[in-house]
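Engineer: This structure is in structure tokens; I'll ask about it shortly.
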Number of protein chains: 2
Amino acid sequence: MKPTIYDVAREAGVSIATVSKVINKAGRISDKTRQRVYKIMDDLNYQPSVVASALTGKRTNTLGLLIPDLANPFFAEIARSIEDRAQELGYSVVMCSTDNNTNKERKYITLLRQKSIDGFIMASGVQEEKILKELIEEKVPIALVSQEIPSLGIDSVTVDDFLGGYEVTQHLLKLGHKQIAVLAQDERSSRERVRGYRQALTDSELTVDESLILVADSITKNNDVRAGQLFDREERPTAIFACNDVLAISALQAARERGITIPNELSLVGFDNTIMARIVDPPLTSVAQPIHDMGRRVVDILVSKVEDGNAMKQRIVLMPELIIRGSTYQLNEEE
Amino acid sequence: MKPTIYDVAREAGVSIATVSKVINKAGRISDKTRQRVYKIMDDLNYQPSVVASALTGKRTNTLGLLIPDLANPFFAEIARSIEDRAQELGYSVVMCSTDNNTNKERKYITLLRQKSIDGFIMASGVQEEKILKELIEEKVPIALVSQEIPSLGIDSVTVDDFLGGYEVTQHLLKLGHKQIAVLAQDERSSRERVRGYRQALTDSELTVDESLILVADSITKNNDVRAGQLFDREERPTAIFACNDVLAISALQAARERGITIPNELSLVGFDNTIMARIVDPPLTSVAQPIHDMGRRVVDILVSKVEDGNAMKQRIVLMPELIIRGSTYQLNEEE
DNA sequence: TTGAAAGCGCTAACAG
DNA sequence: CTGTTAGCGCTTTCAA
């Protein structure tokens with residue numbers, strides 16, 4: 001059997017209260033007893049039970065992470081950075097892939113609440129505000145990453161999607177592109193990026209051609225079809241801004257299948273700057289999100305809320321960075 | 001405050017024991033009381049506390065997953081499939097990226113044991129057998145995935161790495177390659193793959209040129225340098241077998257930098273068939289592991305051990321599948 | 001500086 | 001079929 005606090009107390013010839021105090025570095029314990037207790041704990045290889053201590057109202061030191069899809073490189077990287085920071089602060093994290101499905105979100109949340117986790121990080125694009133409201137009402141600490149819901153005033157760490165979209169578009173405009181298509185996802189972040197795109201066009205006194213903006217259906221995998229639509233138009237766009245690298249790469253493949261060369265005949269920009277952007281050929285111009293930082297900050301925020309109920313609310317917006325690679329190119333004059 | 005079993009009991013006018021029984025569908029309860037209790041639980045939005053029930057010796061319904069690196073696409077996919085299956089069976093999973101670092105492994109294991117998780121899945125290439133032995137002695141359920149340690153007789157789900165290496169090599173031999181280099185990692189699985197490579201050569205009555213086998217140091221990121229070494233030899237190999245896609249892709253990039261075209265001047269094979277294999281150009285011939293199946297099976301095994309202490313031990317070996325894509329090519333006669 | 005004892009929410013005999 | 005009660009391992013007053 002695993003030793004309990006009673007075993008330690010008995011061996012050390014003290015009461016369990018004393019042992020508890022030395023474990024938690026609480027109260028005043030004489031150096032002598034403290035040493036003795038430490039020694040016994042060591043000898044017995046005693047590990048306090050988090051379960052028991054949680055039952056008395058202490059924390060479980062466990063966070064829940066709701067994320068759309070762990071197998072997606074972007075989210076996998078976020079998950080990793082979150083996990084690293086959590087670990088540094090003494091927390092474990094249980095991860096749940098939601099596929100952005102409201103039912104799964106619900107299920108996971110109930111499940112994790114039964115397990116008394118200390119707080120939630122939502123990287124999932126929670127659509128149902130009700131879910132979040134309930135959590136807030138019950139004072140469960142939450143922090144969002146890579147999404148924000150201004151109306152609820154929840155702490156969050158995001159990247160300035162609007163700016164990202166704006167910069168991408170400006171970059172393409174500078175290269176001489178006027179026919180810039182957009183491949184978006186049905187998500188808040190995509191919408192912001194598209195807003196940036198519109199703004200950049202407007203600022204350059206160009207009109208927005210709505211037919212160039214395609215929203216991919218997030219469930220079905222028919223992204224290629226979408227991209228295809230763009231290529232099969234009579235007047236093919238000279239550039240595509242994809243709202244994430246996955247979309248960009250499906251466009252890249254669709255182009256390849258049609259013998260359209262990138263960047264000569266088509267410039268392509270992605271978003272997220274995942275590992276995939278670096279390995280395709282030509283390497284993909286993409287907008288980098290400071291993933292590492294985002295994970296770290298969101299954990300810091302959540303933990304501060306967990307450990308101090310009325311920690312200051314914060315909404316952190318980090319800057320995106322356009323990483324220019326080989327997939328974008330000066331438009332030829334003659335075209 | 002969250003309602004407790006007492007609140008439910010009081011409202012329903014029964015004892016907590018009765019409530020406990022309806023929650024756990026144990027004992028015999030009249031339909032009438034059951035319905036009443038259910039109704040109250042619903043009205044109060046009562047959620048039983050896993051923490052409290054765990055303290056009485058029941059399970060936490062939580063598994064620990066030790067994995068080298070969540071940000072690595074191969075492991076991310078495994079993690080996702082494990083999580084999906086666990087969720088189906090009512091378990092949550094705590095994920096820990098170990099970087100194959102023994103200290104981290106130790107730390108995570110202690111941490112998770114304090115939290116009374118029900119069992120461990122090790123996808124991490126645990127080197128220190130002692131760690132595992134301890135766990136086994138203390139009867140903590142464990143299952144390995146993507147690695148096996150025959151000496152300890154631990155349940156595991158793996159792919160036949162030897163066969164994978166063998167098939168890759170045969171494929172290359174059939175294409176006429178004789179100078180086949182290997183890029184390996186310092187891991188058990190790589191060693192098996194290399195063993196398959198050697199066997200295939202031997203079976204074709206070719207001698208193994210040890211200088212063609214390079215083992216990458218897993219920590220430093222100098223894979224490119226390794227690949228470079230191969231290209232800068234006087235007699236350049238005509239094919240490279242990389243023991244995983246990441247290595248393959250660094251070789252691909254090194255080749256690209258040197259203007260060596262694939263597959264004309266160099267055939268390249270990877271392993272794992274991650275998403276990366278599909279998106280590079282040319283697409284990478286790679287060995288597919290049935291990741292989805294592996295995750296599922298390993299969870300099934302672990303859960304069966306958790307729920308039935310003396311479930312049968314199993315070591316499952318699944319078959320790899322060589323996926324031939326554009327990166328491997330018939331060697332020209334004249335060369 | 002230490003210890004006795006109550007209690008956290010639930011389970012599992014056991015008794016009725 | 002239902003209730004009483006003694007823990008599970010730990011924290012936390014409150015006394016000593």
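Just remember, in the structure tokens the first chain shown is A, the second B, etc., residues are 1-based per chain, and ligands are 1-based in the order shown.
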For the reference chain A, what are the coordinates of chain B after least-squares fitting (all Cα, in-order pairing), as a CSV table (one decimal) with C-alpha atoms, in the first residue's frame?

Structural biologist:
```
chain,number,residue,atom,x,y,z
B,1,MET,CA,-0.2,0.0,0.0
B,2,LYS,CA,0.9,3.5,-0.6
B,3,PRO,CA,1.9,5.2,2.7
B,4,THR,CA,-0.4,7.8,4.0
B,5,ILE,CA,0.1,10.8,6.2
B,6,TYR,CA,-0.7,8.6,9.2
B,7,ASP,CA,2.2,6.3,8.4
B,8,VAL,CA,4.5,9.2,8.3
B,9,ALA,CA,3.2,10.6,11.5
B,10,ARG,CA,3.5,7.3,13.3
B,11,GLU,CA,7.0,6.7,12.1
B,12,ALA,CA,8.1,10.2,13.0
B,13,GLY,CA,6.4,10.1,16.3
B,14,VAL,CA,4.3,13.2,15.6
B,15,SER,CA,0.7,14.0,14.8
B,16,ILE,CA,-0.7,14.1,11.3
B,17,ALA,CA,-1.3,17.8,11.7
B,18,THR,CA,2.4,18.3,12.1
B,19,VAL,CA,3.2,16.3,9.1
B,20,SER,CA,0.6,18.2,7.1
B,21,LYS,CA,2.2,21.5,8.2
B,22,VAL,CA,5.6,20.5,7.1
B,23,ILE,CA,4.2,19.3,3.7
B,24,ASN,CA,2.6,22.6,3.2
B,25,LYS,CA,5.3,24.7,4.8
B,26,ALA,CA,2.6,26.2,7.0
B,27,GLY,CA,2.6,27.1,10.6
B,28,ARG,CA,5.7,27.0,12.7
B,29,ILE,CA,7.6,23.8,13.1
B,30,SER,CA,10.9,23.3,14.8
B,31,ASP,CA,13.7,22.5,12.6
B,32,LYS,CA,14.3,19.3,14.3
B,33,THR,CA,10.8,17.9,13.8
B,34,ARG,CA,10.8,19.2,10.2
B,35,GLN,CA,14.0,17.3,9.4
B,36,ARG,CA,12.7,14.2,11.0
B,37,VAL,CA,9.5,14.3,9.1
B,38,TYR,CA,11.3,14.9,5.9
B,39,LYS,CA,13.5,12.0,6.5
B,40,ILE,CA,10.6,9.7,7.2
B,41,MET,CA,8.7,10.9,4.1
B,42,ASP,CA,11.8,10.1,2.1
B,43,ASP,CA,12.3,6.7,3.6
B,44,LEU,CA,8.7,5.8,3.1
B,45,ASN,CA,8.7,7.4,-0.3
B,46,TYR,CA,5.6,9.2,0.8
B,47,GLN,CA,3.6,11.2,-1.8
B,48,PRO,CA,0.8,13.3,-0.5
B,49,SER,CA,-2.5,12.5,-2.2
B,50,VAL,CA,-3.8,15.3,-4.3
B,51,VAL,CA,-7.2,13.8,-4.3
B,52,ALA,CA,-7.5,13.9,-0.5
B,53,SER,CA,-6.2,17.4,-0.3
B,54,ALA,CA,-8.5,18.5,-3.1
B,55,LEU,CA,-11.4,17.2,-1.1
B,56,THR,CA,-10.6,19.6,1.7
B,57,GLY,CA,-11.0,22.5,-0.8
B,58,LYS,CA,-7.5,22.8,-2.1
B,59,ARG,CA,-6.6,23.0,-5.7
B,60,THR,CA,-6.1,20.0,-7.9
B,61,ASN,CA,-3.3,21.7,-9.8
B,62,THR,CA,-4.8,20.6,-13.1
B,63,LEU,CA,-6.0,22.7,-15.9
B,64,GLY,CA,-8.3,21.7,-18.8
B,65,LEU,CA,-7.5,22.7,-22.3
B,66,LEU,CA,-10.2,22.6,-24.9
B,67,ILE,CA,-8.8,22.8,-28.3
B,68,PRO,CA,-10.2,22.1,-31.8
B,69,ASP,CA,-7.8,19.4,-32.9
B,70,LEU,CA,-4.6,18.3,-31.4
B,71,ALA,CA,-3.5,16.7,-34.6
B,72,ASN,CA,-3.5,20.1,-36.3
B,73,PRO,CA,0.0,21.4,-36.2
B,74,PHE,CA,-0.9,24.9,-35.2
B,75,PHE,CA,-2.9,23.7,-32.2
B,76,ALA,CA,-0.4,21.0,-31.4
B,77,GLU,CA,2.2,23.7,-31.0
B,78,ILE,CA,-0.1,25.8,-28.8
B,79,ALA,CA,-0.8,22.8,-26.7
B,80,ARG,CA,2.8,22.1,-26.3
B,81,SER,CA,3.6,25.6,-25.2
B,82,ILE,CA,0.7,25.6,-22.8
B,83,GLU,CA,1.8,22.3,-21.3
B,84,ASP,CA,5.3,23.5,-20.8
B,85,ARG,CA,4.4,26.6,-19.0
B,86,ALA,CA,1.8,24.8,-16.9
B,87,GLN,CA,4.4,22.2,-15.9
B,88,GLU,CA,6.7,25.0,-14.8
B,89,LEU,CA,4.1,26.3,-12.5
B,90,GLY,CA,3.3,22.9,-11.1
B,91,TYR,CA,0.1,22.2,-13.1
B,92,SER,CA,-0.9,19.3,-15.3
B,93,VAL,CA,-3.1,19.8,-18.3
B,94,VAL,CA,-5.9,17.6,-19.5
B,95,MET,CA,-6.4,18.0,-23.2
B,96,CYS,CA,-9.6,17.7,-25.1
B,97,SER,CA,-10.1,17.9,-28.8
B,98,THR,CA,-13.4,19.4,-29.6
B,99,ASP,CA,-13.5,19.6,-33.3
B,100,ASN,CA,-15.2,22.9,-32.6
B,101,ASN,CA,-18.3,20.9,-31.8
B,102,THR,CA,-20.6,22.4,-29.2
B,103,ASN,CA,-21.7,19.1,-27.9
B,104,LYS,CA,-18.3,17.8,-27.3
B,105,GLU,CA,-17.4,21.1,-25.6
B,106,ARG,CA,-20.4,20.6,-23.3
B,107,LYS,CA,-19.5,17.1,-22.5
B,108,TYR,CA,-15.8,17.8,-21.8
B,109,ILE,CA,-16.7,20.7,-19.6
B,110,THR,CA,-19.1,18.7,-17.5
B,111,LEU,CA,-16.6,15.9,-17.3
B,112,LEU,CA,-13.7,18.1,-16.2
B,113,ARG,CA,-15.8,20.0,-13.7
B,114,GLN,CA,-16.7,16.8,-12.0
B,115,LYS,CA,-13.0,16.2,-11.7
B,116,SER,CA,-12.6,19.6,-10.0
B,117,ILE,CA,-10.0,20.9,-12.3
B,118,ASP,CA,-8.9,24.4,-11.4
B,119,GLY,CA,-9.6,26.2,-14.6
B,120,PHE,CA,-10.1,26.1,-18.3
B,121,ILE,CA,-8.2,27.3,-21.3
B,122,MET,CA,-10.3,27.5,-24.4
B,123,ALA,CA,-8.4,27.4,-27.6
B,124,SER,CA,-11.5,26.0,-29.2
B,125,GLY,CA,-13.7,28.5,-31.0
B,126,VAL,CA,-16.5,28.2,-28.6
B,127,GLN,CA,-19.6,29.4,-30.4
B,128,GLU,CA,-22.2,29.0,-27.7
B,129,GLU,CA,-21.7,31.9,-25.4
B,130,LYS,CA,-24.0,30.3,-23.0
B,131,ILE,CA,-21.5,27.6,-22.2
B,132,LEU,CA,-19.0,30.3,-21.2
B,133,LYS,CA,-21.5,32.3,-19.3
B,134,GLU,CA,-22.4,29.4,-17.1
B,135,LEU,CA,-18.8,28.9,-16.3
B,136,ILE,CA,-18.3,32.5,-15.4
B,137,GLU,CA,-21.4,32.5,-13.2
B,138,GLU,CA,-20.1,29.6,-11.3
B,139,LYS,CA,-16.8,31.4,-10.9
B,140,VAL,CA,-14.8,28.8,-12.7
B,141,PRO,CA,-11.6,30.5,-14.0
B,142,ILE,CA,-11.3,30.6,-17.7
B,143,ALA,CA,-8.9,32.1,-20.2
B,144,LEU,CA,-9.2,32.2,-24.0
B,145,VAL,CA,-6.4,31.9,-26.4
B,146,SER,CA,-6.4,32.7,-30.0
B,147,GLN,CA,-10.0,34.0,-29.8
B,148,GLU,CA,-11.8,36.6,-27.9
B,149,ILE,CA,-15.3,37.3,-27.0
B,150,PRO,CA,-15.4,41.0,-26.1
B,151,SER,CA,-19.0,40.9,-25.0
B,152,LEU,CA,-18.2,38.6,-22.1
B,153,GLY,CA,-15.1,40.3,-21.0
B,154,ILE,CA,-13.2,37.1,-20.5
B,155,ASP,CA,-9.4,37.2,-20.1
B,156,SER,CA,-7.7,36.3,-23.4
B,157,VAL,CA,-4.5,36.2,-25.4
B,158,THR,CA,-4.9,36.7,-29.0
B,159,VAL,CA,-3.0,37.9,-32.0
B,160,ASP,CA,-4.2,40.9,-33.9
B,161,ASP,CA,-5.9,39.1,-36.7
B,162,PHE,CA,-7.2,42.2,-38.3
B,163,LEU,CA,-3.7,43.6,-38.6
B,164,GLY,CA,-2.4,40.3,-39.9
B,165,GLY,CA,-5.0,40.3,-42.7
B,166,TYR,CA,-4.2,43.9,-43.4
B,167,GLU,CA,-0.5,43.3,-43.7
B,168,VAL,CA,-0.8,40.3,-45.9
B,169,THR,CA,-3.0,42.3,-48.2
B,170,GLN,CA,-0.7,45.3,-48.3
B,171,HIS,CA,2.2,43.0,-49.0
B,172,LEU,CA,0.3,41.6,-52.0
B,173,LEU,CA,-0.8,45.0,-53.2
B,174,LYS,CA,2.8,46.2,-53.1
B,175,LEU,CA,3.7,43.4,-55.3
B,176,GLY,CA,1.3,44.6,-57.8
B,177,HIS,CA,-1.6,42.3,-57.2
B,178,LYS,CA,-5.1,43.5,-57.6
B,179,GLN,CA,-7.1,40.4,-58.0
B,180,ILE,CA,-6.6,38.9,-54.5
B,181,ALA,CA,-8.7,36.0,-53.6
B,182,VAL,CA,-9.4,35.0,-50.0
B,183,LEU,CA,-9.9,31.5,-48.6
B,184,ALA,CA,-11.4,31.8,-45.2
B,185,GLN,CA,-12.8,29.5,-42.5
B,186,ASP,CA,-16.1,30.1,-40.8
B,187,GLU,CA,-14.5,31.3,-37.6
B,188,ARG,CA,-14.1,34.5,-35.7
B,189,SER,CA,-10.4,34.8,-36.4
B,190,SER,CA,-10.9,34.3,-40.1
B,191,ARG,CA,-13.5,37.0,-40.1
B,192,GLU,CA,-11.1,39.4,-38.5
B,193,ARG,CA,-8.4,38.6,-41.0
B,194,VAL,CA,-10.9,39.2,-43.8
B,195,ARG,CA,-11.8,42.5,-42.3
B,196,GLY,CA,-8.2,43.4,-42.4
B,197,TYR,CA,-8.1,42.4,-46.1
B,198,ARG,CA,-11.1,44.6,-46.9
B,199,GLN,CA,-9.6,47.5,-45.1
B,200,ALA,CA,-6.3,47.3,-46.9
B,201,LEU,CA,-8.1,47.3,-50.2
B,202,THR,CA,-10.3,50.2,-49.2
B,203,ASP,CA,-7.3,52.1,-48.1
B,204,SER,CA,-5.8,51.6,-51.5
B,205,GLU,CA,-9.1,52.8,-53.0
B,206,LEU,CA,-9.8,49.4,-54.5
B,207,THR,CA,-13.2,47.9,-54.4
B,208,VAL,CA,-13.8,44.5,-52.8
B,209,ASP,CA,-14.9,41.8,-55.1
B,210,GLU,CA,-17.1,39.7,-52.9
B,211,SER,CA,-16.9,36.8,-55.3
B,212,LEU,CA,-13.3,36.5,-54.5
B,213,ILE,CA,-13.9,35.7,-50.9
B,214,LEU,CA,-14.6,32.0,-50.3
B,215,VAL,CA,-15.5,30.6,-46.9
B,216,ALA,CA,-14.6,27.0,-46.5
B,217,ASP,CA,-17.0,24.8,-44.7
B,218,SER,CA,-15.0,23.6,-41.7
B,219,ILE,CA,-16.3,20.1,-41.5
B,220,THR,CA,-16.1,18.8,-45.0
B,221,LYS,CA,-12.7,18.5,-46.3
B,222,ASN,CA,-13.5,20.0,-49.7
B,223,ASN,CA,-11.0,22.8,-49.4
B,224,ASP,CA,-9.4,21.7,-52.6
B,225,VAL,CA,-12.8,22.1,-54.4
B,226,ARG,CA,-12.9,25.7,-53.0
B,227,ALA,CA,-9.5,26.5,-54.3
B,228,GLY,CA,-10.4,24.9,-57.6
B,229,GLN,CA,-13.4,27.3,-58.0
B,230,LEU,CA,-10.9,30.1,-58.0
B,231,PHE,CA,-8.8,28.7,-60.6
B,232,ASP,CA,-11.5,27.8,-62.9
B,233,ARG,CA,-12.9,31.3,-63.2
B,234,GLU,CA,-12.4,33.2,-66.4
B,235,GLU,CA,-10.3,35.9,-64.8
B,236,ARG,CA,-8.1,34.0,-62.4
B,237,PRO,CA,-6.9,35.9,-59.4
B,238,THR,CA,-3.2,36.6,-59.3
B,239,ALA,CA,-2.8,36.0,-55.6
B,240,ILE,CA,-4.5,34.1,-52.8
B,241,PHE,CA,-4.6,34.9,-49.2
B,242,ALA,CA,-5.5,31.8,-47.2
B,243,CYS,CA,-6.6,32.4,-43.7
B,244,ASN,CA,-4.5,29.5,-42.4
B,245,ASP,CA,-1.7,27.3,-43.6
B,246,VAL,CA,-3.8,24.3,-44.1
B,247,LEU,CA,-6.0,26.2,-46.5
B,248,ALA,CA,-3.0,27.6,-48.2
B,249,ILE,CA,-1.5,24.2,-48.7
B,250,SER,CA,-4.7,22.8,-50.2
B,251,ALA,CA,-4.6,25.8,-52.6
B,252,LEU,CA,-1.0,25.0,-53.3
B,253,GLN,CA,-1.9,21.5,-54.2
B,254,ALA,CA,-4.8,22.4,-56.3
B,255,ALA,CA,-2.6,24.8,-58.2
B,256,ARG,CA,0.0,22.2,-58.7
B,257,GLU,CA,-2.6,19.8,-60.1
B,258,ARG,CA,-3.6,22.4,-62.6
B,259,GLY,CA,0.0,23.1,-63.6
B,260,ILE,CA,-0.2,26.7,-62.2
B,261,THR,CA,3.3,27.6,-60.9
B,262,ILE,CA,3.8,29.4,-57.7
B,263,PRO,CA,4.9,32.1,-57.4
B,264,ASN,CA,5.2,33.0,-61.1
B,265,GLU,CA,1.6,32.6,-62.0
B,266,LEU,CA,0.1,32.8,-58.6
B,267,SER,CA,1.2,34.3,-55.3
B,268,LEU,CA,0.1,32.5,-52.1
B,269,VAL,CA,0.0,33.6,-48.5
B,270,GLY,CA,-0.9,31.5,-45.5
B,271,PHE,CA,-1.5,32.3,-41.8
B,272,ASP,CA,-0.1,30.7,-38.7
B,273,ASN,CA,3.4,30.0,-40.0
B,274,THR,CA,3.2,26.4,-39.0
B,275,ILE,CA,6.0,24.0,-39.7
B,276,MET,CA,4.2,23.2,-42.9
B,277,ALA,CA,4.9,26.6,-44.3
B,278,ARG,CA,8.6,26.0,-44.1
B,279,ILE,CA,8.6,22.6,-45.8
B,280,VAL,CA,6.5,23.1,-48.8
B,281,ASP,CA,8.1,24.2,-52.1
B,282,PRO,CA,8.2,27.1,-52.6
B,283,PRO,CA,8.2,27.9,-48.9
B,284,LEU,CA,5.0,29.7,-48.0
B,285,THR,CA,4.8,33.3,-47.0
B,286,SER,CA,2.8,33.2,-43.9
B,287,VAL,CA,1.8,35.3,-40.8
B,288,ALA,CA,3.5,34.1,-37.7
B,289,GLN,CA,1.7,34.1,-34.5
B,290,PRO,CA,4.0,34.2,-31.4
B,291,ILE,CA,2.7,30.8,-30.4
B,292,HIS,CA,5.2,30.2,-27.7
B,293,ASP,CA,4.4,33.5,-26.1
B,294,MET,CA,0.7,33.0,-26.4
B,295,GLY,CA,0.7,29.6,-24.6
B,296,ARG,CA,2.9,31.0,-21.9
B,297,ARG,CA,0.8,34.1,-21.3
B,298,VAL,CA,-2.5,32.4,-21.3
B,299,VAL,CA,-1.3,29.9,-18.7
B,300,ASP,CA,0.1,32.8,-16.6
B,301,ILE,CA,-3.2,34.5,-16.8
B,302,LEU,CA,-5.3,31.5,-15.9
B,303,VAL,CA,-3.0,30.5,-13.0
B,304,SER,CA,-3.1,33.9,-11.6
B,305,LYS,CA,-6.9,33.8,-11.6
B,306,VAL,CA,-6.8,30.3,-10.1
B,307,GLU,CA,-4.5,31.4,-7.3
B,308,ASP,CA,-6.0,34.8,-6.7
B,309,GLY,CA,-9.8,34.8,-7.3
B,310,ASN,CA,-9.9,38.5,-8.1
B,311,ALA,CA,-6.8,38.9,-10.2
B,312,MET,CA,-7.0,41.7,-12.7
B,313,LYS,CA,-8.8,40.9,-15.9
B,314,GLN,CA,-6.5,41.1,-18.9
B,315,ARG,CA,-6.9,41.0,-22.6
B,316,ILE,CA,-3.6,40.6,-24.3
B,317,VAL,CA,-3.2,41.3,-28.0
B,318,LEU,CA,0.0,40.3,-29.5
B,319,MET,CA,1.4,41.4,-32.8
B,320,PRO,CA,1.5,39.1,-35.8
B,321,GLU,CA,4.5,39.1,-38.1
B,322,LEU,CA,4.5,38.6,-41.8
B,323,ILE,CA,7.1,36.1,-42.8
B,324,ILE,CA,7.9,36.6,-46.4
B,325,ARG,CA,9.1,33.5,-48.3
B,326,GLY,CA,9.1,32.2,-51.8
B,327,SER,CA,5.4,31.9,-52.4
B,328,THR,CA,4.8,35.5,-53.1
B,329,TYR,CA,6.3,37.4,-56.0
B,330,GLN,CA,6.2,40.6,-57.9
B,331,LEU,CA,3.5,40.6,-60.5
B,332,ASN,CA,4.9,40.8,-64.0
B,333,GLU,CA,4.1,44.1,-65.7
B,334,GLU,CA,2.8,42.5,-68.8
B,335,GLU,CA,0.0,40.6,-67.0
```

Engineer: Please give the complete set of residues from segment 15-253 of chain B that DSSP, run on the backbone, assigns to strand (DSSP E), formatted as a PyMOL selection string.

Structural biologist: chain B and resi 62-67+92-97+119-122+142-145+156-159+180-185+213-216+239-242

Engineer: Do you have, as JSON lines, the list of residues of chain C lying at most 12 Å from chain B, each with its nearest atom pair and that distance in Å to one decimal, counting only C-alpha atoms (C1' of nucleotides) and ordered by chain then number?

Structural biologist:
```
{"residue": "C:DC8", "atom": "C1'", "partner": "B:Ala52", "partner_atom": "CA", "distance": 8.1}
{"residue": "C:DG9", "atom": "C1'", "partner": "B:Ala52", "partner_atom": "CA", "distance": 4.9}
{"residue": "C:DC10", "atom": "C1'", "partner": "B:Ser53", "partner_atom": "CA", "distance": 4.9}
{"residue": "C:DT11", "atom": "C1'", "partner": "B:Thr56", "partner_atom": "CA", "distance": 6.0}
{"residue": "C:DA12", "atom": "C1'", "partner": "B:Ala17", "partner_atom": "CA", "distance": 9.2}
{"residue": "C:DA13", "atom": "C1'", "partner": "B:Ala17", "partner_atom": "CA", "distance": 11.4}
```

Engineer: For a quick test of understanding: name the residues of chain D lying within 9 Å of chain B when counting only C-alpha atoms (C1' of nucleotides), and present them as a PDB file with N, CA and C atoms (P, O5', C5', C4', C3', O3' and C1' of nucleotides), in the first residue's frame.

Structural biologist:
```
ATOM      1  P    DC D   1     -36.794  -3.820  -5.289  1.00  0.00           P
ATOM      2  O5'  DC D   1     -36.608  -2.918  -4.013  1.00  0.00           O
ATOM      3  C5'  DC D   1     -37.553  -1.902  -3.839  1.00  0.00           C
ATOM      4  C4'  DC D   1     -37.308  -1.272  -2.515  1.00  0.00           C
ATOM      5  C3'  DC D   1     -36.387  -0.046  -2.581  1.00  0.00           C
ATOM      6  O3'  DC D   1     -37.132   1.048  -2.054  1.00  0.00           O
ATOM      7  C1'  DC D   1     -35.779  -1.494  -0.782  1.00  0.00           C
ATOM      8  P    DT D   2     -36.623   2.518  -2.207  1.00  0.00           P
ATOM      9  O5'  DT D   2     -35.845   2.741  -0.847  1.00  0.00           O
ATOM     10  C5'  DT D   2     -36.592   2.900   0.355  1.00  0.00           C
ATOM     11  C4'  DT D   2     -35.654   2.953   1.526  1.00  0.00           C
ATOM     12  C3'  DT D   2     -34.656   4.102   1.508  1.00  0.00           C
ATOM     13  O3'  DT D   2     -35.016   4.986   2.558  1.00  0.00           O
ATOM     14  C1'  DT D   2     -33.675   2.076   2.271  1.00  0.00           C
ATOM     15  P    DG D   3     -34.198   6.332   2.817  1.00  0.00           P
ATOM     16  O5'  DG D   3     -33.342   5.898   4.077  1.00  0.00           O
ATOM     17  C5'  DG D   3     -34.013   5.363   5.196  1.00  0.00           C
ATOM     18  C4'  DG D   3     -33.022   4.991   6.271  1.00  0.00           C
ATOM     19  C3'  DG D   3     -32.015   6.091   6.617  1.00  0.00           C
ATOM     20  O3'  DG D   3     -31.851   6.094   8.028  1.00  0.00           O
ATOM     21  C1'  DG D   3     -30.858   4.126   5.983  1.00  0.00           C
ATOM     22  P    DG D   7     -13.897   2.910  11.107  1.00  0.00           P
ATOM     23  O5'  DG D   7     -13.799   4.460  10.696  1.00  0.00           O
ATOM     24  C5'  DG D   7     -12.699   4.922   9.935  1.00  0.00           C
ATOM     25  C4'  DG D   7     -12.735   4.337   8.533  1.00  0.00           C
ATOM     26  C3'  DG D   7     -11.723   5.020   7.638  1.00  0.00           C
ATOM     27  O3'  DG D   7     -11.042   4.096   6.837  1.00  0.00           O
ATOM     28  C1'  DG D   7     -13.918   5.373   6.804  1.00  0.00           C
ATOM     29  P    DC D   8      -9.530   4.259   6.590  1.00  0.00           P
ATOM     30  O5'  DC D   8      -9.438   4.903   5.139  1.00  0.00           O
ATOM     31  C5'  DC D   8      -9.862   4.244   3.961  1.00  0.00           C
ATOM     32  C4'  DC D   8      -9.851   5.260   2.849  1.00  0.00           C
ATOM     33  C3'  DC D   8      -8.748   6.306   3.028  1.00  0.00           C
ATOM     34  O3'  DC D   8      -7.655   5.950   2.177  1.00  0.00           O
ATOM     35  C1'  DC D   8     -10.876   7.299   2.439  1.00  0.00           C
ATOM     36  P    DG D   9      -6.179   5.926   2.816  1.00  0.00           P
ATOM     37  O5'  DG D   9      -5.740   7.446   2.736  1.00  0.00           O
ATOM     38  C5'  DG D   9      -5.602   8.061   1.463  1.00  0.00           C
ATOM     39  C4'  DG D   9      -5.394   9.535   1.666  1.00  0.00           C
ATOM     40  C3'  DG D   9      -4.254   9.895   2.611  1.00  0.00           C
ATOM     41  O3'  DG D   9      -3.461  10.849   1.950  1.00  0.00           O
ATOM     42  C1'  DG D   9      -6.233  10.986   3.278  1.00  0.00           C
TER      43       DG D   9
END
```
